[in-house]
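*Asks:* Below is the file my_file16.csv, with CSV, C-alpha atoms.
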chain,number,residue,atom,x,y,z
M,1,GLY,CA,-66.6,-12.4,38.4
M,2,ALA,CA,-66.2,-13.3,34.8
M,3,VAL,CA,-69.3,-14.4,33.0
M,4,VAL,CA,-67.5,-15.4,29.8
M,5,SER,CA,-64.6,-17.7,30.0
M,6,GLN,CA,-62.1,-18.1,27.2
M,7,HIS,CA,-59.3,-20.6,27.0
M,8,PRO,CA,-56.4,-20.7,26.4
M,9,SER,CA,-55.3,-17.2,27.2
M,10,ARG,CA,-52.1,-17.5,25.1
M,11,VAL,CA,-50.9,-19.9,22.4
M,12,ILE,CA,-47.6,-20.0,20.7
M,13,CYS,CA,-47.2,-22.6,17.9
M,14,LYS,CA,-45.5,-23.4,14.7
M,15,SER,CA,-46.8,-22.5,11.3
M,16,GLY,CA,-49.2,-25.1,9.9
M,17,THR,CA,-50.6,-26.0,13.2
M,18,SER,CA,-54.3,-25.9,13.9
M,19,VAL,CA,-55.4,-24.2,17.1
M,20,LYS,CA,-58.7,-24.4,19.0
M,21,ILE,CA,-60.0,-21.7,21.2
M,22,GLU,CA,-62.9,-22.3,23.6
M,23,CYS,CA,-65.5,-19.7,24.7
M,24,ARG,CA,-67.9,-20.6,27.5
M,25,SER,CA,-70.7,-18.6,29.0
M,26,LEU,CA,-70.9,-19.1,32.7
M,27,ASP,CA,-74.2,-19.0,34.6
M,28,PHE,CA,-76.3,-18.2,31.5
M,29,GLN,CA,-77.2,-19.7,28.2
M,30,ALA,CA,-76.1,-18.0,25.0
M,31,THR,CA,-77.8,-19.0,21.7
M,32,THR,CA,-75.5,-16.5,20.0
M,33,MET,CA,-71.8,-15.9,20.5
M,34,PHE,CA,-69.5,-13.6,18.6
M,35,TRP,CA,-65.9,-14.0,17.6
M,36,TYR,CA,-63.7,-10.9,17.2
M,37,ARG,CA,-60.1,-10.4,16.1
M,38,GLN,CA,-57.9,-7.5,17.2
M,39,PHE,CA,-54.6,-6.5,15.7
M,40,PRO,CA,-52.1,-4.3,17.6
M,41,LYS,CA,-53.2,-0.7,18.1
M,42,GLN,CA,-56.5,-1.4,16.3
M,43,SER,CA,-60.1,-1.9,17.4
M,44,LEU,CA,-62.0,-5.1,17.6
M,45,MET,CA,-63.3,-6.5,14.3
M,46,LEU,CA,-66.1,-9.0,14.1
M,47,MET,CA,-65.2,-12.2,12.4
M,48,ALA,CA,-68.3,-14.3,12.7
M,49,THR,CA,-71.5,-14.8,14.6
M,50,SER,CA,-71.9,-18.3,16.1
M,51,ASN,CA,-75.4,-19.7,16.4
M,52,GLU,CA,-76.1,-22.7,18.6
M,53,GLY,CA,-77.2,-25.6,16.5
M,54,SER,CA,-76.6,-24.0,13.1
M,55,LYS,CA,-73.9,-22.7,10.9
M,56,ALA,CA,-71.9,-19.6,11.8
M,57,THR,CA,-72.3,-16.4,9.9
M,58,TYR,CA,-69.0,-15.0,8.7
M,59,GLU,CA,-68.2,-11.4,8.0
M,60,GLN,CA,-67.0,-10.4,4.5
M,61,GLY,CA,-63.4,-11.3,4.0
M,62,VAL,CA,-63.2,-14.0,6.7
M,63,GLU,CA,-62.5,-17.5,5.3
M,64,LYS,CA,-65.0,-19.9,6.8
M,65,ASP,CA,-62.8,-22.9,5.9
M,66,LYS,CA,-59.8,-21.4,7.8
M,67,PHE,CA,-61.7,-20.2,10.9
M,68,LEU,CA,-64.0,-23.1,11.8
M,69,ILE,CA,-66.7,-22.3,14.4
M,70,ASN,CA,-68.7,-24.8,16.3
M,71,HIS,CA,-71.5,-23.9,18.7
M,72,ALA,CA,-72.6,-27.3,19.9
M,73,SER,CA,-74.2,-26.2,23.1
M,74,LEU,CA,-75.8,-23.2,24.7
M,75,THR,CA,-72.7,-22.5,26.8
M,76,LEU,CA,-69.8,-23.4,24.5
M,77,SER,CA,-68.5,-22.1,21.2
M,78,THR,CA,-65.2,-23.0,19.7
M,79,LEU,CA,-63.0,-21.3,17.1
M,80,THR,CA,-60.4,-23.4,15.3
M,81,VAL,CA,-57.8,-21.7,13.3
M,82,THR,CA,-56.7,-24.3,10.8
M,83,SER,CA,-53.2,-24.5,9.3
M,84,ALA,CA,-52.3,-21.2,11.0
M,85,HIS,CA,-49.7,-19.0,9.5
M,86,PRO,CA,-47.8,-16.0,11.0
M,87,GLU,CA,-50.4,-13.5,9.5
M,88,ASP,CA,-53.0,-15.2,11.7
M,89,SER,CA,-51.2,-14.0,14.8
M,90,SER,CA,-53.6,-11.8,16.6
M,91,PHE,CA,-55.8,-11.3,19.7
M,92,TYR,CA,-59.0,-13.3,19.4
M,93,ILE,CA,-61.9,-12.4,21.6
M,94,CYS,CA,-65.3,-14.0,22.1
M,95,SER,CA,-68.4,-12.6,23.5
M,96,ALA,CA,-71.9,-13.9,24.5
M,97,ARG,CA,-75.1,-12.4,25.6
M,98,GLY,CA,-77.7,-13.7,27.9
M,99,ASP,CA,-80.3,-11.4,29.5
M,100,GLN,CA,-77.6,-8.9,30.4
M,101,PRO,CA,-75.5,-6.6,28.2
M,102,GLN,CA,-73.0,-8.5,26.1
M,103,HIS,CA,-70.0,-9.8,28.0
M,104,PHE,CA,-66.6,-10.6,26.6
M,105,GLY,CA,-63.9,-13.1,27.3
M,106,ASP,CA,-60.4,-12.1,28.2
M,107,GLY,CA,-59.1,-13.0,24.8
M,108,THR,CA,-56.6,-15.4,23.4
M,109,ARG,CA,-53.3,-14.1,22.1
M,110,LEU,CA,-52.2,-16.3,19.3
M,111,SER,CA,-48.6,-16.2,18.1
M,112,ILE,CA,-47.6,-18.3,15.1
M,113,LEU,CA,-43.9,-18.8,14.6
F,1,ASP,CA,-76.1,0.8,14.0
F,2,ALA,CA,-75.5,4.5,14.4
F,3,LYS,CA,-71.9,5.8,14.1
F,4,THR,CA,-70.2,7.3,17.1
F,5,THR,CA,-67.5,9.9,17.3
F,6,GLN,CA,-65.1,10.0,20.2
F,7,PRO,CA,-61.8,11.9,20.8
F,8,PRO,CA,-58.9,9.7,20.2
F,9,SER,CA,-57.2,10.3,23.5
F,10,MET,CA,-57.6,12.1,26.8
F,11,ASP,CA,-55.6,12.6,30.0
F,12,CYS,CA,-57.0,12.9,33.5
F,13,ALA,CA,-55.3,13.4,36.8
F,14,GLU,CA,-55.6,10.7,39.4
F,15,GLY,CA,-58.5,11.3,41.8
F,16,ARG,CA,-60.2,13.8,39.5
F,17,ALA,CA,-63.3,13.1,37.5
F,18,ALA,CA,-62.8,11.8,34.0
F,19,ASN,CA,-65.5,13.0,31.5
F,20,LEU,CA,-65.5,11.1,28.2
F,21,PRO,CA,-67.7,12.5,25.5
F,22,CYS,CA,-69.4,10.7,22.6
F,23,ASN,CA,-71.3,12.0,19.7
F,24,HIS,CA,-74.0,9.9,18.1
F,25,SER,CA,-76.1,12.4,16.1
F,26,THR,CA,-77.8,9.8,13.9
F,27,ILE,CA,-79.0,7.6,16.8
F,28,SER,CA,-82.4,6.1,16.3
F,29,GLY,CA,-85.2,6.1,18.9
F,30,ASN,CA,-84.7,2.4,19.7
F,31,GLU,CA,-80.9,2.5,20.0
F,32,TYR,CA,-79.2,2.3,23.3
F,33,VAL,CA,-75.9,3.9,24.3
F,34,TYR,CA,-73.4,1.4,25.6
F,35,TRP,CA,-70.0,2.0,27.1
F,36,TYR,CA,-67.2,-0.5,27.4
F,37,ARG,CA,-63.5,-0.3,28.2
F,38,GLN,CA,-60.6,-2.4,27.3
F,39,ILE,CA,-57.5,-2.5,29.5
F,40,HIS,CA,-54.4,-3.6,27.7
F,41,SER,CA,-54.4,-7.2,26.6
F,42,GLN,CA,-57.8,-7.9,28.1
F,43,GLY,CA,-61.3,-8.3,26.6
F,44,PRO,CA,-63.7,-5.4,26.7
F,45,GLN,CA,-65.4,-4.8,30.0
F,46,TYR,CA,-69.0,-3.6,30.3
F,47,ILE,CA,-69.4,-0.3,32.1
F,48,ILE,CA,-72.9,1.1,31.7
F,49,HIS,CA,-75.7,1.6,29.2
F,50,GLY,CA,-78.8,3.7,28.8
F,51,LEU,CA,-81.6,4.7,26.5
F,52,LYS,CA,-82.5,8.2,27.3
F,53,ASN,CA,-82.4,8.7,31.1
F,54,ASN,CA,-79.2,9.3,32.9
F,55,GLU,CA,-77.8,6.2,34.6
F,56,THR,CA,-75.4,5.5,37.4
F,57,ASN,CA,-73.8,2.4,38.8
F,58,GLU,CA,-70.8,1.5,40.9
F,59,MET,CA,-68.4,2.2,38.1
F,60,ALA,CA,-69.6,5.3,36.4
F,61,SER,CA,-72.4,7.7,35.4
F,62,LEU,CA,-73.9,8.1,32.0
F,63,ILE,CA,-75.3,11.4,31.0
F,64,ILE,CA,-77.4,11.5,27.8
F,65,THR,CA,-78.5,14.8,26.3
F,66,GLU,CA,-82.2,15.4,25.9
F,67,ASP,CA,-82.0,15.1,22.1
F,68,ARG,CA,-79.9,11.9,22.6
F,69,LYS,CA,-77.3,13.1,20.0
F,70,SER,CA,-74.5,12.9,22.5
F,71,SER,CA,-73.5,11.4,25.8
F,72,THR,CA,-70.8,11.6,28.5
F,73,LEU,CA,-69.3,8.9,30.5
F,74,ILE,CA,-68.2,10.1,33.9
F,75,LEU,CA,-65.7,8.2,36.1
F,76,PRO,CA,-66.1,10.2,39.3
F,77,HIS,CA,-62.7,9.6,40.9
F,78,ALA,CA,-60.3,8.2,38.3
F,79,THR,CA,-57.5,5.9,39.4
F,80,LEU,CA,-54.5,4.6,37.6
F,81,ARG,CA,-56.3,1.3,36.9
F,82,ASP,CA,-58.9,3.2,34.9
F,83,THR,CA,-56.3,3.8,32.2
F,84,ALA,CA,-57.8,2.0,29.2
F,85,VAL,CA,-59.5,2.5,25.8
F,86,TYR,CA,-63.1,3.5,26.2
F,87,TYR,CA,-65.7,2.6,23.6
F,88,CYS,CA,-69.0,4.2,23.1
F,89,ILE,CA,-71.4,2.1,21.0
F,90,VAL,CA,-75.0,2.6,20.0
F,91,ARG,CA,-77.2,-0.3,18.9
F,92,VAL,CA,-80.6,-1.6,19.3
F,93,GLY,CA,-81.4,-3.8,22.2
F,94,GLY,CA,-82.4,-7.4,21.9
F,95,TYR,CA,-80.5,-10.7,21.6
F,96,GLY,CA,-78.2,-11.9,18.9
F,97,GLN,CA,-76.8,-8.6,17.7
F,98,ASN,CA,-73.1,-7.8,17.8
F,99,PHE,CA,-71.4,-4.6,18.8
F,100,VAL,CA,-69.5,-2.5,16.2
F,101,PHE,CA,-66.4,-1.1,17.8
F,102,GLY,CA,-64.9,2.2,16.7
F,103,PRO,CA,-61.4,3.4,17.6
F,104,GLY,CA,-62.6,4.6,21.1
F,105,THR,CA,-60.9,7.1,23.4
F,106,ARG,CA,-57.6,6.2,25.0
F,107,LEU,CA,-57.8,7.5,28.6
F,108,SER,CA,-54.6,8.0,30.4
F,109,VAL,CA,-54.9,8.6,34.2
F,110,LEU,CA,-51.8,10.4,35.4
F,111,PRO,CA,-50.4,10.3,38.9
Written as structure tokens, how would this file's structure read?
*Replies:*
Amino acid sequence: GAVVSQHPSRVICKSGTSVKIECRSLDFQATTMFWYRQFPKQSLMLMATSNEGSKATYEQGVEKDKFLINHASLTLSTLTVTSAHPEDSSFYICSARGDQPQHFGDGTRLSIL
Amino acid sequence: DAKTTQPPSMDCAEGRAANLPCNHSTISGNEYVYWYRQIHSQGPQYIIHGLKNNETNEMASLIITEDRKSSTLILPHATLRDTAVYYCIVRVGGYGQNFVFGPGTRLSVLP
């Protein structure tokens, strides 16, 4: 069964809306979670590393004020896409690692109209 | 993390073994070889990993050459549901480190 749960699986919303995506590790604690973005026909690109109890580390070119990450507990990290625009439409994937190889959520397909 | 090279695409007949190669000639002694796959519109799924010994689990076998510069993922009896993009990733073990995904190999299992 899934060890990383991501919700929602799909979001369609209007431009200017803020969208929150949740990532939960099931049955294990994850001090570190990762957020990836994947555009059509491309590979996964790391956006940020989420650390429990501290600020996230963002990759170069990722706006931290636009992609807000909160890792308030050892089993939950959230990604909020603020004031989303059509160019933010993408497939967002989180992952977490306990004492097993890194596991990934099933992704959230975000469509901004 | 070491860079990997994989063929962009491969075909395999259903029921036959699928052998997916990966080159990682600059791998370091403490770097593992991981394989993941991504079925369309889903998150990556862990398959197998190894350091230097060959590994086998219920999904696949991993063959690592003695010099560790290349490896092969073997799906012994491919099914249509194995059609996916397969990623070979090398990285050190330990917590808190992300995976760097290359373009992978798009495996098409044909009926």
*Asks:* May I have the residues within 7 Å of Tyr87 of chain F as a PyMOL selection string, using all atoms listed in the file and disregarding those fewer than 5 positions away in the same chain?
*Replies:* chain F and resi 35-37+101-102+104-105
*Asks:* Taking only C-alpha atoms into account, what are the residues of chain M at most 9 Å from chain F, put as number ranges by chain?
*Replies:* M: 30-34, 42-46, 49, 51, 91, 93-99, 101-109
*Asks:* Got time to write the residues from that selection, C-alpha atoms, as a PDB file, in the frame of the given file?
*Replies:*
ATOM      1  CA  ALA M  30     -76.100 -18.000  25.000  1.00  0.00           C
ATOM      2  CA  THR M  31     -77.800 -19.000  21.700  1.00  0.00           C
ATOM      3  CA  THR M  32     -75.500 -16.500  20.000  1.00  0.00           C
ATOM      4  CA  MET M  33     -71.800 -15.900  20.500  1.00  0.00           C
ATOM      5  CA  PHE M  34     -69.500 -13.600  18.600  1.00  0.00           C
ATOM      6  CA  GLN M  42     -56.500  -1.400  16.300  1.00  0.00           C
ATOM      7  CA  SER M  43     -60.100  -1.900  17.400  1.00  0.00           C
ATOM      8  CA  LEU M  44     -62.000  -5.100  17.600  1.00  0.00           C
ATOM      9  CA  MET M  45     -63.300  -6.500  14.300  1.00  0.00           C
ATOM     10  CA  LEU M  46     -66.100  -9.000  14.100  1.00  0.00           C
ATOM     11  CA  THR M  49     -71.500 -14.800  14.600  1.00  0.00           C
ATOM     12  CA  ASN M  51     -75.400 -19.700  16.400  1.00  0.00           C
ATOM     13  CA  PHE M  91     -55.800 -11.300  19.700  1.00  0.00           C
ATOM     14  CA  ILE M  93     -61.900 -12.400  21.600  1.00  0.00           C
ATOM     15  CA  CYS M  94     -65.300 -14.000  22.100  1.00  0.00           C
ATOM     16  CA  SER M  95     -68.400 -12.600  23.500  1.00  0.00           C
ATOM     17  CA  ALA M  96     -71.900 -13.900  24.500  1.00  0.00           C
ATOM     18  CA  ARG M  97     -75.100 -12.400  25.600  1.00  0.00           C
ATOM     19  CA  GLY M  98     -77.700 -13.700  27.900  1.00  0.00           C
ATOM     20  CA  ASP M  99     -80.300 -11.400  29.500  1.00  0.00           C
ATOM     21  CA  PRO M 101     -75.500  -6.600  28.200  1.00  0.00           C
ATOM     22  CA  GLN M 102     -73.000  -8.500  26.100  1.00  0.00           C
ATOM     23  CA  HIS M 103     -70.000  -9.800  28.000  1.00  0.00           C
ATOM     24  CA  PHE M 104     -66.600 -10.600  26.600  1.00  0.00           C
ATOM     25  CA  GLY M 105     -63.900 -13.100  27.300  1.00  0.00           C
ATOM     26  CA  ASP M 106     -60.400 -12.100  28.200  1.00  0.00           C
ATOM     27  CA  GLY M 107     -59.100 -13.000  24.800  1.00  0.00           C
ATOM     28  CA  THR M 108     -56.600 -15.400  23.400  1.00  0.00           C
ATOM     29  CA  ARG M 109     -53.300 -14.100  22.100  1.00  0.00           C
TER      30      ARG M 109
END
*Asks:* By how many Å are atom CA of Leu75 of chain F and atom CA of Val109 of chain F apart?
*Replies:*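 Result for atom CA of Leu75 of chain F versus atom CA of Val109 of chain F: 11.0 Å, one decimal.
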*Asks:* Atom CA of Arg16 of chain F and atom CA of Met59 of chain F, how far apart in Å?
*Replies:*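 Distance between the two atoms: 14.3 Å.
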*Asks:* Report as a list of chain:residue names all protein, DNA and RNA residues lying within 7 Å of Ile27 of chain F, evaluated on all atoms listed in the file, omitting residues in the same chain fewer than 2 positions from it.
*Replies:* F:Ala2, F:His24, F:Ser25, F:Gly29, F:Glu31, F:Lys69
*Asks:* Restricting the calculation to only C-alpha atoms, which member of M:Thr82, M:Ser89, M:Thr75, M:Val19 is positioned closest to Val4 of chain M?
*Replies:* M:Thr75
*Asks:* In Å, how far is it from atom CA of Asp82 of chain F to atom CA of Val33 of chain F?
*Replies:* 20.0 Å
*Asks:* Within 9 Å of Asn53 of chain F, counting all atoms listed in the file, which residues show up once you throw out same-chain ones fewer than 2 positions away? Write them as a list in words, please.
*Replies:*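 With the cut-off at 9 Å, the set is Gly50, Leu51, Glu55, Leu62, Ile63, Ile64, Thr65 and Glu66 of chain F.
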*Asks:* With C-alpha atoms retained, could you export that selection as a tab-separated table (two decimals), keeping the file's coordinate frame?
*Replies:*
chain	number	residue	atom	x	y	z
F	50	GLY	CA	-78.80	3.70	28.80
F	51	LEU	CA	-81.60	4.70	26.50
F	55	GLU	CA	-77.80	6.20	34.60
F	62	LEU	CA	-73.90	8.10	32.00
F	63	ILE	CA	-75.30	11.40	31.00
F	64	ILE	CA	-77.40	11.50	27.80
F	65	THR	CA	-78.50	14.80	26.30
F	66	GLU	CA	-82.20	15.40	25.90
